[in-house]
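*Asks:* Provided herewith: coords34.cif, mmCIF, C-alpha atoms and all ligand atoms; chains and numbers go by the auth columns.
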data_final
#
loop_
_atom_site.group_PDB
_atom_site.id
_atom_site.type_symbol
_atom_site.label_atom_id
_atom_site.label_comp_id
_atom_site.label_asym_id
_atom_site.label_seq_id
_atom_site.Cartn_x
_atom_site.Cartn_y
_atom_site.Cartn_z
_atom_site.B_iso_or_equiv
_atom_site.auth_seq_id
_atom_site.auth_asym_id
ATOM 1 C CA MET A 1 17.264 -88.870 6.391 0.00 17 A
ATOM 2 C CA LYS A 2 13.987 -87.114 7.002 0.00 18 A
ATOM 3 C CA LEU A 3 10.712 -88.489 5.629 0.00 19 A
ATOM 4 C CA TYR A 4 7.616 -86.310 5.427 0.00 20 A
ATOM 5 C CA THR A 5 4.892 -88.849 5.834 0.00 21 A
ATOM 6 C CA TYR A 6 1.289 -89.507 6.822 0.00 22 A
ATOM 7 C CA PHE A 7 0.502 -92.847 8.411 0.00 23 A
ATOM 8 C CA ARG A 8 -2.268 -93.742 5.952 0.00 24 A
ATOM 9 C CA SER A 9 -0.647 -92.352 2.819 0.00 25 A
ATOM 10 C CA SER A 10 0.002 -95.285 0.521 0.00 26 A
ATOM 11 C CA ALA A 11 2.731 -93.395 -1.334 0.00 27 A
ATOM 12 C CA ALA A 12 4.591 -92.679 1.930 0.00 28 A
ATOM 13 C CA TYR A 13 3.967 -96.289 3.017 0.00 29 A
ATOM 14 C CA ARG A 14 5.878 -97.477 -0.097 0.00 30 A
ATOM 15 C CA VAL A 15 8.908 -95.462 0.958 0.00 31 A
ATOM 16 C CA ARG A 16 8.681 -96.600 4.583 0.00 32 A
ATOM 17 C CA ILE A 17 8.739 -100.244 3.428 0.00 33 A
ATOM 18 C CA ALA A 18 11.812 -99.654 1.258 0.00 34 A
ATOM 19 C CA LEU A 19 13.640 -97.851 4.084 0.00 35 A
ATOM 20 C CA GLN A 20 12.829 -100.700 6.456 0.00 36 A
ATOM 21 C CA LEU A 21 13.839 -103.404 3.972 0.00 37 A
ATOM 22 C CA LYS A 22 17.168 -101.665 3.469 0.00 38 A
ATOM 23 C CA GLY A 23 17.620 -101.150 7.198 0.00 39 A
ATOM 24 C CA LEU A 24 17.920 -97.370 6.856 0.00 40 A
ATOM 25 C CA GLY A 25 17.065 -95.143 9.804 0.00 41 A
ATOM 26 C CA TYR A 26 15.108 -91.932 9.275 0.00 42 A
ATOM 27 C CA ASP A 27 13.230 -89.245 11.151 0.00 43 A
ATOM 28 C CA ALA A 28 9.513 -89.213 10.415 0.00 44 A
ATOM 29 C CA VAL A 29 7.961 -85.767 10.027 0.00 45 A
ATOM 30 C CA PRO A 30 4.186 -86.186 10.097 0.00 46 A
ATOM 31 C CA VAL A 31 2.108 -84.149 7.654 0.00 47 A
ATOM 32 C CA HIS A 32 -1.581 -84.462 8.508 0.00 48 A
ATOM 33 C CA LEU A 33 -3.493 -84.723 5.231 0.00 49 A
ATOM 34 C CA LEU A 34 -6.904 -83.954 6.743 0.00 50 A
ATOM 35 C CA ARG A 35 -6.368 -81.606 9.685 0.00 51 A
ATOM 36 C CA GLY A 36 -7.297 -77.994 8.948 0.00 52 A
ATOM 37 C CA GLY A 37 -7.941 -78.779 5.296 0.00 53 A
ATOM 38 C CA GLY A 38 -4.578 -80.521 4.968 0.00 54 A
ATOM 39 C CA GLU A 39 -1.110 -79.577 6.215 0.00 55 A
ATOM 40 C CA GLN A 40 0.283 -80.685 2.833 0.00 56 A
ATOM 41 C CA LEU A 41 -1.271 -77.568 1.314 0.00 57 A
ATOM 42 C CA LEU A 42 0.351 -75.079 3.698 0.00 58 A
ATOM 43 C CA ASP A 43 2.921 -72.695 2.232 0.00 59 A
ATOM 44 C CA ASN A 44 5.764 -73.942 4.415 0.00 60 A
ATOM 45 C CA TYR A 45 5.268 -77.530 3.211 0.00 61 A
ATOM 46 C CA ARG A 46 4.766 -76.504 -0.426 0.00 62 A
ATOM 47 C CA GLN A 47 8.148 -74.842 -0.302 0.00 63 A
ATOM 48 C CA ILE A 48 9.557 -78.306 0.360 0.00 64 A
ATOM 49 C CA ASN A 49 7.224 -80.159 -1.985 0.00 65 A
ATOM 50 C CA PRO A 50 5.502 -77.899 -4.543 0.00 66 A
ATOM 51 C CA SER A 51 2.989 -80.677 -5.371 0.00 67 A
ATOM 52 C CA GLY A 52 1.536 -80.480 -1.878 0.00 68 A
ATOM 53 C CA LEU A 53 1.694 -84.272 -1.536 0.00 69 A
ATOM 54 C CA VAL A 54 3.513 -86.752 0.664 0.00 70 A
ATOM 55 C CA PRO A 55 6.030 -88.320 0.697 0.00 71 A
ATOM 56 C CA THR A 56 9.089 -86.074 0.586 0.00 72 A
ATOM 57 C CA LEU A 57 12.503 -87.458 1.454 0.00 73 A
ATOM 58 C CA GLN A 58 15.395 -85.237 2.496 0.00 74 A
ATOM 59 C CA ASP A 59 18.858 -86.703 2.537 0.00 75 A
ATOM 60 C CA ASP A 60 21.627 -84.197 3.301 0.00 76 A
ATOM 61 C CA TRP A 61 21.339 -81.563 0.564 0.00 77 A
ATOM 62 C CA ILE A 62 18.840 -83.396 -1.599 0.00 78 A
ATOM 63 C CA THR A 63 15.057 -83.093 -1.404 0.00 79 A
ATOM 64 C CA LEU A 64 13.130 -85.702 -3.349 0.00 80 A
ATOM 65 C CA THR A 65 9.434 -86.090 -4.092 0.00 81 A
ATOM 66 C CA GLN A 66 7.630 -88.888 -5.976 0.00 82 A
ATOM 67 C CA SER A 67 7.763 -92.262 -4.289 0.00 83 A
ATOM 68 C CA MET A 68 9.086 -94.096 -7.366 0.00 84 A
ATOM 69 C CA ALA A 69 11.992 -91.665 -7.740 0.00 85 A
ATOM 70 C CA ILE A 70 12.692 -91.953 -4.009 0.00 86 A
ATOM 71 C CA LEU A 71 12.792 -95.752 -4.170 0.00 87 A
ATOM 72 C CA GLU A 72 15.119 -95.639 -7.180 0.00 88 A
ATOM 73 C CA TYR A 73 17.353 -93.181 -5.299 0.00 89 A
ATOM 74 C CA LEU A 74 17.488 -95.457 -2.251 0.00 90 A
ATOM 75 C CA GLU A 75 18.278 -98.378 -4.536 0.00 91 A
ATOM 76 C CA ASP A 76 21.156 -96.513 -6.188 0.00 92 A
ATOM 77 C CA GLU A 77 22.559 -95.126 -2.940 0.00 93 A
ATOM 78 C CA HIS A 78 22.085 -98.239 -0.817 0.00 94 A
ATOM 79 C CA PRO A 79 22.295 -101.256 -3.114 0.00 95 A
ATOM 80 C CA GLN A 80 23.240 -103.661 -0.289 0.00 96 A
ATOM 81 C CA VAL A 81 19.684 -104.977 0.050 0.00 97 A
ATOM 82 C CA PRO A 82 18.549 -104.835 -3.577 0.00 98 A
ATOM 83 C CA LEU A 83 14.926 -104.138 -4.410 0.00 99 A
ATOM 84 C CA LEU A 84 15.413 -104.586 -8.141 0.00 100 A
ATOM 85 C CA PRO A 85 16.590 -107.779 -9.855 0.00 101 A
ATOM 86 C CA LYS A 86 19.938 -107.786 -11.656 0.00 102 A
ATOM 87 C CA ASP A 87 18.715 -108.581 -15.177 0.00 103 A
ATOM 88 C CA ALA A 88 17.238 -105.942 -17.461 0.00 104 A
ATOM 89 C CA ALA A 89 14.062 -107.904 -18.155 0.00 105 A
ATOM 90 C CA GLY A 90 13.479 -108.510 -14.450 0.00 106 A
ATOM 91 C CA ARG A 91 14.060 -104.850 -13.596 0.00 107 A
ATOM 92 C CA ALA A 92 11.626 -103.788 -16.304 0.00 108 A
ATOM 93 C CA ARG A 93 9.040 -106.275 -15.075 0.00 109 A
ATOM 94 C CA VAL A 94 9.275 -105.060 -11.472 0.00 110 A
ATOM 95 C CA ARG A 95 8.931 -101.437 -12.616 0.00 111 A
ATOM 96 C CA GLU A 96 6.004 -102.410 -14.832 0.00 112 A
ATOM 97 C CA LEU A 97 4.131 -103.934 -11.895 0.00 113 A
ATOM 98 C CA ALA A 98 4.896 -100.945 -9.665 0.00 114 A
ATOM 99 C CA GLN A 99 3.784 -98.509 -12.342 0.00 115 A
ATOM 100 C CA ILE A 100 0.450 -100.232 -12.856 0.00 116 A
ATOM 101 C CA ILE A 101 -0.182 -99.071 -9.297 0.00 117 A
ATOM 102 C CA ALA A 102 1.736 -95.782 -9.324 0.00 118 A
ATOM 103 C CA CYS A 103 0.514 -94.518 -12.697 0.00 119 A
ATOM 104 C CA ASP A 104 -2.755 -96.279 -13.482 0.00 120 A
ATOM 105 C CA ILE A 105 -4.484 -96.873 -10.145 0.00 121 A
ATOM 106 C CA HIS A 106 -3.327 -94.390 -7.521 0.00 122 A
ATOM 107 C CA PRO A 107 -3.418 -90.978 -9.271 0.00 123 A
ATOM 108 C CA VAL A 108 -7.141 -91.081 -10.074 0.00 124 A
ATOM 109 C CA ASN A 109 -8.071 -92.041 -6.507 0.00 125 A
ATOM 110 C CA ASN A 110 -5.957 -89.618 -4.590 0.00 126 A
ATOM 111 C CA LEU A 111 -7.470 -87.487 -1.842 0.00 127 A
ATOM 112 C CA ARG A 112 -7.297 -84.319 -3.949 0.00 128 A
ATOM 113 C CA VAL A 113 -9.092 -86.030 -6.829 0.00 129 A
ATOM 114 C CA LEU A 114 -11.864 -87.289 -4.538 0.00 130 A
ATOM 115 C CA ARG A 115 -12.103 -83.792 -3.017 0.00 131 A
ATOM 116 C CA TYR A 116 -12.362 -82.253 -6.492 0.00 132 A
ATOM 117 C CA LEU A 117 -15.130 -84.688 -7.418 0.00 133 A
ATOM 118 C CA ALA A 118 -17.007 -83.669 -4.264 0.00 134 A
ATOM 119 C CA HIS A 119 -16.443 -79.923 -4.173 0.00 135 A
ATOM 120 C CA GLU A 120 -16.119 -78.925 -7.834 0.00 136 A
ATOM 121 C CA LEU A 121 -18.239 -81.535 -9.579 0.00 137 A
ATOM 122 C CA GLY A 122 -20.806 -82.115 -6.828 0.00 138 A
ATOM 123 C CA ALA A 123 -20.307 -85.893 -6.679 0.00 139 A
ATOM 124 C CA ASP A 124 -21.958 -87.334 -3.566 0.00 140 A
ATOM 125 C CA GLU A 125 -20.400 -90.043 -1.398 0.00 141 A
ATOM 126 C CA ALA A 126 -21.998 -92.876 -3.388 0.00 142 A
ATOM 127 C CA ALA A 127 -20.678 -91.483 -6.674 0.00 143 A
ATOM 128 C CA ARG A 128 -17.204 -90.978 -5.227 0.00 144 A
ATOM 129 C CA ASP A 129 -17.230 -94.500 -3.863 0.00 145 A
ATOM 130 C CA LYS A 130 -18.265 -95.847 -7.276 0.00 146 A
ATOM 131 C CA TRP A 131 -15.421 -93.921 -8.920 0.00 147 A
ATOM 132 C CA TYR A 132 -12.860 -95.182 -6.408 0.00 148 A
ATOM 133 C CA ARG A 133 -14.050 -98.791 -6.648 0.00 149 A
ATOM 134 C CA HIS A 134 -14.124 -98.762 -10.441 0.00 150 A
ATOM 135 C CA TRP A 135 -10.528 -97.617 -10.901 0.00 151 A
ATOM 136 C CA VAL A 136 -9.078 -99.714 -8.089 0.00 152 A
ATOM 137 C CA GLU A 137 -10.856 -102.901 -9.159 0.00 153 A
ATOM 138 C CA ASP A 138 -9.952 -102.299 -12.792 0.00 154 A
ATOM 139 C CA GLY A 139 -6.280 -101.794 -11.889 0.00 155 A
ATOM 140 C CA LEU A 140 -6.076 -104.721 -9.471 0.00 156 A
ATOM 141 C CA GLU A 141 -7.577 -106.971 -12.125 0.00 157 A
ATOM 142 C CA VAL A 142 -4.841 -105.952 -14.566 0.00 158 A
ATOM 143 C CA LEU A 143 -2.177 -106.467 -11.917 0.00 159 A
ATOM 144 C CA GLU A 144 -3.604 -109.894 -11.073 0.00 160 A
ATOM 145 C CA LYS A 145 -3.432 -110.928 -14.763 0.00 161 A
ATOM 146 C CA HIS A 146 0.216 -109.899 -14.968 0.00 162 A
ATOM 147 C CA LEU A 147 1.064 -111.826 -11.810 0.00 163 A
ATOM 148 C CA ALA A 148 -0.865 -114.905 -12.940 0.00 164 A
ATOM 149 C CA ARG A 149 0.587 -115.173 -16.410 0.00 165 A
ATOM 150 C CA ASP A 150 4.249 -114.532 -15.780 0.00 166 A
ATOM 151 C CA PRO A 151 6.541 -117.401 -14.804 0.00 167 A
ATOM 152 C CA SER A 152 8.926 -114.917 -13.122 0.00 168 A
ATOM 153 C CA ALA A 153 6.341 -114.405 -10.433 0.00 169 A
ATOM 154 C CA GLY A 154 7.331 -116.406 -7.425 0.00 170 A
ATOM 155 C CA PRO A 155 5.612 -116.384 -4.088 0.00 171 A
ATOM 156 C CA LEU A 156 6.176 -112.608 -4.140 0.00 172 A
ATOM 157 C CA CYS A 157 5.805 -110.243 -7.104 0.00 173 A
ATOM 158 C CA HIS A 158 9.139 -111.255 -8.585 0.00 174 A
ATOM 159 C CA GLY A 159 10.673 -114.303 -7.021 0.00 175 A
ATOM 160 C CA TYR A 160 11.421 -114.983 -3.394 0.00 176 A
ATOM 161 C CA VAL A 161 12.643 -111.627 -2.110 0.00 177 A
ATOM 162 C CA PRO A 162 10.730 -108.353 -1.880 0.00 178 A
ATOM 163 C CA THR A 163 11.189 -105.894 -4.718 0.00 179 A
ATOM 164 C CA ILE A 164 9.940 -102.406 -5.468 0.00 180 A
ATOM 165 C CA ALA A 165 6.789 -104.043 -6.865 0.00 181 A
ATOM 166 C CA ASP A 166 5.962 -105.485 -3.425 0.00 182 A
ATOM 167 C CA CYS A 167 6.608 -102.058 -1.865 0.00 183 A
ATOM 168 C CA PHE A 168 3.840 -100.719 -4.104 0.00 184 A
ATOM 169 C CA LEU A 169 1.444 -103.657 -3.921 0.00 185 A
ATOM 170 C CA VAL A 170 1.039 -103.876 -0.139 0.00 186 A
ATOM 171 C CA PRO A 171 0.022 -100.207 0.426 0.00 187 A
ATOM 172 C CA GLN A 172 -2.419 -100.336 -2.492 0.00 188 A
ATOM 173 C CA VAL A 173 -4.061 -103.438 -1.017 0.00 189 A
ATOM 174 C CA PHE A 174 -4.240 -101.727 2.394 0.00 190 A
ATOM 175 C CA ASN A 175 -5.913 -98.756 0.752 0.00 191 A
ATOM 176 C CA ALA A 176 -8.373 -100.947 -1.174 0.00 192 A
ATOM 177 C CA GLN A 177 -9.321 -102.931 1.928 0.00 193 A
ATOM 178 C CA ARG A 178 -9.912 -99.729 3.858 0.00 194 A
ATOM 179 C CA HIS A 179 -12.478 -98.828 1.215 0.00 195 A
ATOM 180 C CA GLY A 180 -14.176 -102.222 1.530 0.00 196 A
ATOM 181 C CA ILE A 181 -12.855 -103.827 -1.653 0.00 197 A
ATOM 182 C CA ASP A 182 -12.727 -107.614 -1.478 0.00 198 A
ATOM 183 C CA VAL A 183 -9.149 -108.480 -2.466 0.00 199 A
ATOM 184 C CA GLU A 184 -9.795 -112.219 -2.067 0.00 200 A
ATOM 185 C CA ARG A 185 -10.944 -112.037 -5.688 0.00 201 A
ATOM 186 C CA TYR A 186 -7.310 -111.589 -6.726 0.00 202 A
ATOM 187 C CA PRO A 187 -5.533 -114.731 -5.475 0.00 203 A
ATOM 188 C CA ASN A 188 -1.977 -113.772 -6.474 0.00 204 A
ATOM 189 C CA ILE A 189 -2.293 -110.273 -5.043 0.00 205 A
ATOM 190 C CA CYS A 190 -3.809 -111.692 -1.899 0.00 206 A
ATOM 191 C CA ARG A 191 -1.034 -114.271 -1.428 0.00 207 A
ATOM 192 C CA ILE A 192 1.736 -111.723 -1.978 0.00 208 A
ATOM 193 C CA ASN A 193 0.106 -109.257 0.413 0.00 209 A
ATOM 194 C CA GLY A 194 -0.255 -111.955 3.080 0.00 210 A
ATOM 195 C CA LEU A 195 3.359 -113.116 2.777 0.00 211 A
ATOM 196 C CA CYS A 196 4.810 -109.583 2.794 0.00 212 A
ATOM 197 C CA ASN A 197 2.778 -108.583 5.817 0.00 213 A
ATOM 198 C CA LYS A 198 4.490 -111.283 7.846 0.00 214 A
ATOM 199 C CA LEU A 199 7.935 -109.759 7.225 0.00 215 A
ATOM 200 C CA PRO A 200 9.340 -107.451 9.942 0.00 216 A
ATOM 201 C CA ALA A 201 10.063 -104.596 7.478 0.00 217 A
ATOM 202 C CA PHE A 202 6.475 -104.548 6.259 0.00 218 A
ATOM 203 C CA ILE A 203 5.157 -104.747 9.824 0.00 219 A
ATOM 204 C CA ALA A 204 7.336 -101.795 10.905 0.00 220 A
ATOM 205 C CA ALA A 205 6.153 -99.730 7.923 0.00 221 A
ATOM 206 C CA HIS A 206 2.448 -100.495 8.466 0.00 222 A
ATOM 207 C CA PRO A 207 0.199 -97.453 9.074 0.00 223 A
ATOM 208 C CA ALA A 208 -0.868 -98.798 12.469 0.00 224 A
ATOM 209 C CA ASN A 209 2.759 -98.783 13.620 0.00 225 A
ATOM 210 C CA GLN A 210 3.576 -95.176 12.788 0.00 226 A
ATOM 211 C CA PRO A 211 4.087 -92.460 15.419 0.00 227 A
ATOM 212 C CA ASP A 212 1.243 -90.408 13.889 0.00 228 A
ATOM 213 C CA ALA A 213 -1.208 -93.337 13.713 0.00 229 A
ATOM 214 C CA GLU A 214 -4.702 -92.508 14.976 0.00 230 A
HETATM 215 N N1 LIG B . 2.874 -89.647 -7.406 0.00 1 B
HETATM 216 C C1 LIG B . 3.069 -89.298 -6.029 0.00 1 B
HETATM 217 C C2 LIG B . 1.727 -89.348 -5.345 0.00 1 B
HETATM 218 C C3 LIG B . 1.786 -88.768 -3.953 0.00 1 B
HETATM 219 C C4 LIG B . 0.403 -88.684 -3.373 0.00 1 B
HETATM 220 O O1 LIG B . -0.585 -88.658 -4.110 0.00 1 B
HETATM 221 N N2 LIG B . 0.312 -88.644 -2.030 0.00 1 B
HETATM 222 C C5 LIG B . -0.970 -88.565 -1.393 0.00 1 B
HETATM 223 C C6 LIG B . -1.066 -89.510 -0.238 0.00 1 B
HETATM 224 S S1 LIG B . -0.980 -91.191 -0.773 0.00 1 B
HETATM 225 C C7 LIG B . -1.199 -87.165 -0.869 0.00 1 B
HETATM 226 O O2 LIG B . -0.289 -86.546 -0.367 0.00 1 B
HETATM 227 N N3 LIG B . -2.432 -86.688 -0.961 0.00 1 B
HETATM 228 C C8 LIG B . -2.793 -85.415 -0.461 0.00 1 B
HETATM 229 C C9 LIG B . -3.847 -84.758 -1.279 0.00 1 B
HETATM 230 O O3 LIG B . -4.339 -85.355 -2.237 0.00 1 B
HETATM 231 O O4 LIG B . -4.183 -83.596 -0.954 0.00 1 B
HETATM 232 C C10 LIG B . 4.062 -90.253 -5.366 0.00 1 B
HETATM 233 O O5 LIG B . 4.138 -91.394 -5.795 0.00 1 B
HETATM 234 O O6 LIG B . 4.784 -89.840 -4.448 0.00 1 B
#
Re-express the file's structure as structure tokens.
*Replies:*
Amino acid sequence: MKLYTYFRSSAAYRVRIALQLKGLGYDAVPVHLLRGGGEQLLDNYRQINPSGLVPTLQDDWITLTQSMAILEYLEDEHPQVPLLPKDAAGRARVRELAQIIACDIHPVNNLRVLRYLAHELGADEAARDKWYRHWVEDGLEVLEKHLARDPSAGPLCHGYVPTIADCFLVPQVFNAQRHGIDVERYPNICRINGLCNKLPAFIAAHPANQPDAE
């Protein structure tokens, strides 16, 4: 498998964690999101991924974009180390937690959105920072409430073994911390992040441990 990735991309980080948890080898193809205005926007990359975003996973004849779809594909193709529970309610809950991040937090804080705010709407750094903080804090608060209220939550997002929800949570926390957000305010999120980051798969997938890390 070939993974188009950028060390700090939280969406690519999700896929790296899943690959590591499942013990699947892959070749990393770095796509620098900042250099020269962004390699993700070059024609040759857009032919692979028309969105101009990372990650992209290629497996034999198939090219997949969208981290959630990629994780579901890996789950279907390599079920040996499951990242979804067996029961329907548990599967829905794990997807719900992941989608709070994938659909409600991440899309409004993406690099291209922050660039649009700066270049098209004239938002200065302080305004962009306020925007980022607002949507991340709002989303993490929602996620924290879900984790706190649900008895299915174990030490991790859903019980004792990592699931797709943990693959989404850890990169979002990394991203938030990089922007100076105090995640200690969310005790369940903080505990899960701490426990996951001790596991070898999460360590191997960490941005600092990627070949393109700077
Ligand atoms: N919904 C997509 C989001 C992908 C995405 O937004 N990737 C970011 C990095 S985390 C990106 O490539 N940003 C480049 C840009 O905004 O120009 C997914 O889950 O794969």
*Asks:* Return the single residue from A:Glu55, A:Asp198, A:Glu141, A:Asp76 that is closest to ligand LIG 1 (chain B), with distances computed using only C-alpha atoms and all ligand atoms.
*Replies:*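 Distance minimum relative to ligand LIG 1 (chain B) lands on A:Glu55.
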*Asks:* For CA of Ile197 in chain A and CA of Ile180 in chain A, determine how far apart the two atoms are, in Å to one decimal place.
*Replies:*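 Interatomic distance, CA of Ile197 in chain A to CA of Ile180 in chain A: 23.2 Å.
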*Asks:* Pull the closest atom pair for each residue of chain A that gets at most 9 Å from ligand LIG 1 (chain B), along with the distance in Å to one decimal, counting only C-alpha atoms and all ligand atoms, ordering rows by chain and then ascending residue number, as a tab-separated table.
*Replies:*
residue	atom	partner	partner_atom	distance
A:Thr21	CA	B:LIG1	O2	8.4
A:Tyr22	CA	B:LIG1	C6	7.4
A:Arg24	CA	B:LIG1	S1	7.3
A:Ser25	CA	B:LIG1	S1	3.8
A:Ser26	CA	B:LIG1	S1	4.4
A:Ala27	CA	B:LIG1	S1	4.4
A:Ala28	CA	B:LIG1	S1	6.4
A:Tyr29	CA	B:LIG1	S1	8.1
A:Arg30	CA	B:LIG1	O5	8.5
A:Val31	CA	B:LIG1	O6	8.8
A:Val47	CA	B:LIG1	O2	8.7
A:Leu49	CA	B:LIG1	C8	5.8
A:Leu50	CA	B:LIG1	O4	8.2
A:Gly53	CA	B:LIG1	O4	8.7
A:Gly54	CA	B:LIG1	O4	6.7
A:Glu55	CA	B:LIG1	O4	8.8
A:Gln56	CA	B:LIG1	C8	6.5
A:Leu57	CA	B:LIG1	O4	7.1
A:Ser67	CA	B:LIG1	C3	8.3
A:Gly68	CA	B:LIG1	O2	6.5
A:Leu69	CA	B:LIG1	O2	3.2
A:Val70	CA	B:LIG1	O2	3.9
A:Pro71	CA	B:LIG1	O6	5.5
A:Thr72	CA	B:LIG1	O6	7.6
A:Thr81	CA	B:LIG1	O6	6.0
A:Gln82	CA	B:LIG1	O6	3.4
A:Ser83	CA	B:LIG1	O6	3.8
A:Met84	CA	B:LIG1	O5	5.9
A:Ala85	CA	B:LIG1	O5	8.1
A:Ile86	CA	B:LIG1	O6	8.2
A:Ala118	CA	B:LIG1	O5	6.1
A:Cys119	CA	B:LIG1	N1	7.6
A:His122	CA	B:LIG1	O1	7.2
A:Pro123	CA	B:LIG1	O1	6.3
A:Asn125	CA	B:LIG1	O1	8.6
A:Asn126	CA	B:LIG1	O3	5.1
A:Leu127	CA	B:LIG1	O3	3.8
A:Arg128	CA	B:LIG1	O3	3.6
A:Val129	CA	B:LIG1	O3	6.6
A:Leu130	CA	B:LIG1	O3	8.1
A:Arg131	CA	B:LIG1	O3	8.0
*Asks:* Nearest residue to Leu113 in chain A out of A:Glu230, A:Glu200, A:Glu160, A:Asp43, using all atoms listed in the file?
*Replies:*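 Ranking A:Glu230, A:Glu200, A:Glu160, A:Asp43 by distance to Leu113 in chain A, first place goes to A:Glu160.
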*Asks:* If you count all atoms listed in the file, which residues fall within 6 Å of range 92-100 of chain A, apart from same-chain ones fewer than 6 positions away, as a PyMOL selection string?
*Replies:* chain A and resi 38+107+179-180
*Asks:* Padding 6 Å on each side, edges along x, y and z: where is the centre of the box around the listed atoms of range 128-134 of chain A, and how long are its edges in Å to one decimal? Output it as JSON.
*Replies:*
{"center_x": -12.2, "center_y": -84.8, "center_z": -5.2, "size_x": 21.7, "size_y": 17.0, "size_z": 16.4}
*Asks:* Counting all atoms listed in the file, figure out which residue out of A:Ala44, A:Ile116, A:Ile208, A:Val124 gets nearest to His174 in chain A.
*Replies:*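 Using all atoms listed in the file, the shortest distance to His174 in chain A belongs to A:Ile208.
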*Asks:* Find the residues with any atom within 12 Å of (-8.8, -104.9, -13.4); use only C-alpha atoms and the coordinates as given in the file, and write the answer as JSON, numbers by chain.
*Replies:* {"A": [116, 117, 120, 121, 149, 150, 151, 152, 153, 154, 155, 156, 157, 158, 159, 160, 161, 162, 199, 201, 202, 205]}
*Asks:* Using the partial input, fill out range 205-218 of chain A with N, CA, C and O atoms; write the result as an mmCIF file, in the frame of the given file.
*Replies:*
data_model
loop_
_atom_site.group_PDB
_atom_site.id
_atom_site.type_symbol
_atom_site.label_atom_id
_atom_site.label_comp_id
_atom_site.auth_asym_id
_atom_site.auth_seq_id
_atom_site.Cartn_x
_atom_site.Cartn_y
_atom_site.Cartn_z
ATOM 1 N N ILE A 205 -2.472 -111.510 -5.822
ATOM 2 C CA ILE A 205 -2.293 -110.273 -5.043
ATOM 3 C C ILE A 205 -2.465 -110.575 -3.559
ATOM 4 O O ILE A 205 -1.694 -110.133 -2.704
ATOM 5 N N CYS A 206 -3.474 -111.359 -3.284
ATOM 6 C CA CYS A 206 -3.809 -111.692 -1.899
ATOM 7 C C CYS A 206 -2.678 -112.489 -1.231
ATOM 8 O O CYS A 206 -2.288 -112.215 -0.091
ATOM 9 N N ARG A 207 -2.142 -113.461 -1.985
ATOM 10 C CA ARG A 207 -1.034 -114.271 -1.428
ATOM 11 C C ARG A 207 0.188 -113.401 -1.150
ATOM 12 O O ARG A 207 0.774 -113.461 -0.068
ATOM 13 N N ILE A 208 0.533 -112.571 -2.129
ATOM 14 C CA ILE A 208 1.736 -111.723 -1.978
ATOM 15 C C ILE A 208 1.553 -110.780 -0.789
ATOM 16 O O ILE A 208 2.459 -110.612 0.043
ATOM 17 N N ASN A 209 0.384 -110.181 -0.694
ATOM 18 C CA ASN A 209 0.106 -109.257 0.413
ATOM 19 C C ASN A 209 0.243 -109.974 1.760
ATOM 20 O O ASN A 209 0.868 -109.463 2.690
ATOM 21 N N GLY A 210 -0.300 -111.186 1.831
ATOM 22 C CA GLY A 210 -0.255 -111.955 3.080
ATOM 23 C C GLY A 210 1.171 -112.298 3.473
ATOM 24 O O GLY A 210 1.564 -112.155 4.637
ATOM 25 N N LEU A 211 1.966 -112.732 2.476
ATOM 26 C CA LEU A 211 3.359 -113.116 2.777
ATOM 27 C C LEU A 211 4.174 -111.895 3.197
ATOM 28 O O LEU A 211 4.919 -111.937 4.178
ATOM 29 N N CYS A 212 4.023 -110.797 2.459
ATOM 30 C CA CYS A 212 4.810 -109.583 2.794
ATOM 31 C C CYS A 212 4.467 -109.099 4.195
ATOM 32 O O CYS A 212 5.359 -108.694 4.953
ATOM 33 N N ASN A 213 3.200 -109.133 4.525
ATOM 34 C CA ASN A 213 2.778 -108.583 5.817
ATOM 35 C C ASN A 213 3.251 -109.388 7.021
ATOM 36 O O ASN A 213 3.054 -108.976 8.160
ATOM 37 N N LYS A 214 3.890 -110.509 6.744
ATOM 38 C CA LYS A 214 4.490 -111.283 7.846
ATOM 39 C C LYS A 214 5.947 -110.865 8.076
ATOM 40 O O LYS A 214 6.567 -111.237 9.062
ATOM 41 N N LEU A 215 6.506 -110.125 7.126
ATOM 42 C CA LEU A 215 7.935 -109.759 7.225
ATOM 43 C C LEU A 215 8.102 -108.532 8.131
ATOM 44 O O LEU A 215 7.313 -107.581 8.048
ATOM 45 N N PRO A 216 9.154 -108.545 8.978
ATOM 46 C CA PRO A 216 9.340 -107.451 9.942
ATOM 47 C C PRO A 216 9.357 -106.057 9.302
ATOM 48 O O PRO A 216 8.809 -105.111 9.862
ATOM 49 N N ALA A 217 9.973 -105.923 8.114
ATOM 50 C CA ALA A 217 10.063 -104.596 7.478
ATOM 51 C C ALA A 217 8.674 -104.072 7.120
ATOM 52 O O ALA A 217 8.378 -102.876 7.281
ATOM 53 N N PHE A 218 7.827 -104.958 6.639
ATOM 54 C CA PHE A 218 6.475 -104.548 6.259
ATOM 55 C C PHE A 218 5.635 -104.243 7.505
ATOM 56 O O PHE A 218 4.809 -103.337 7.493
#
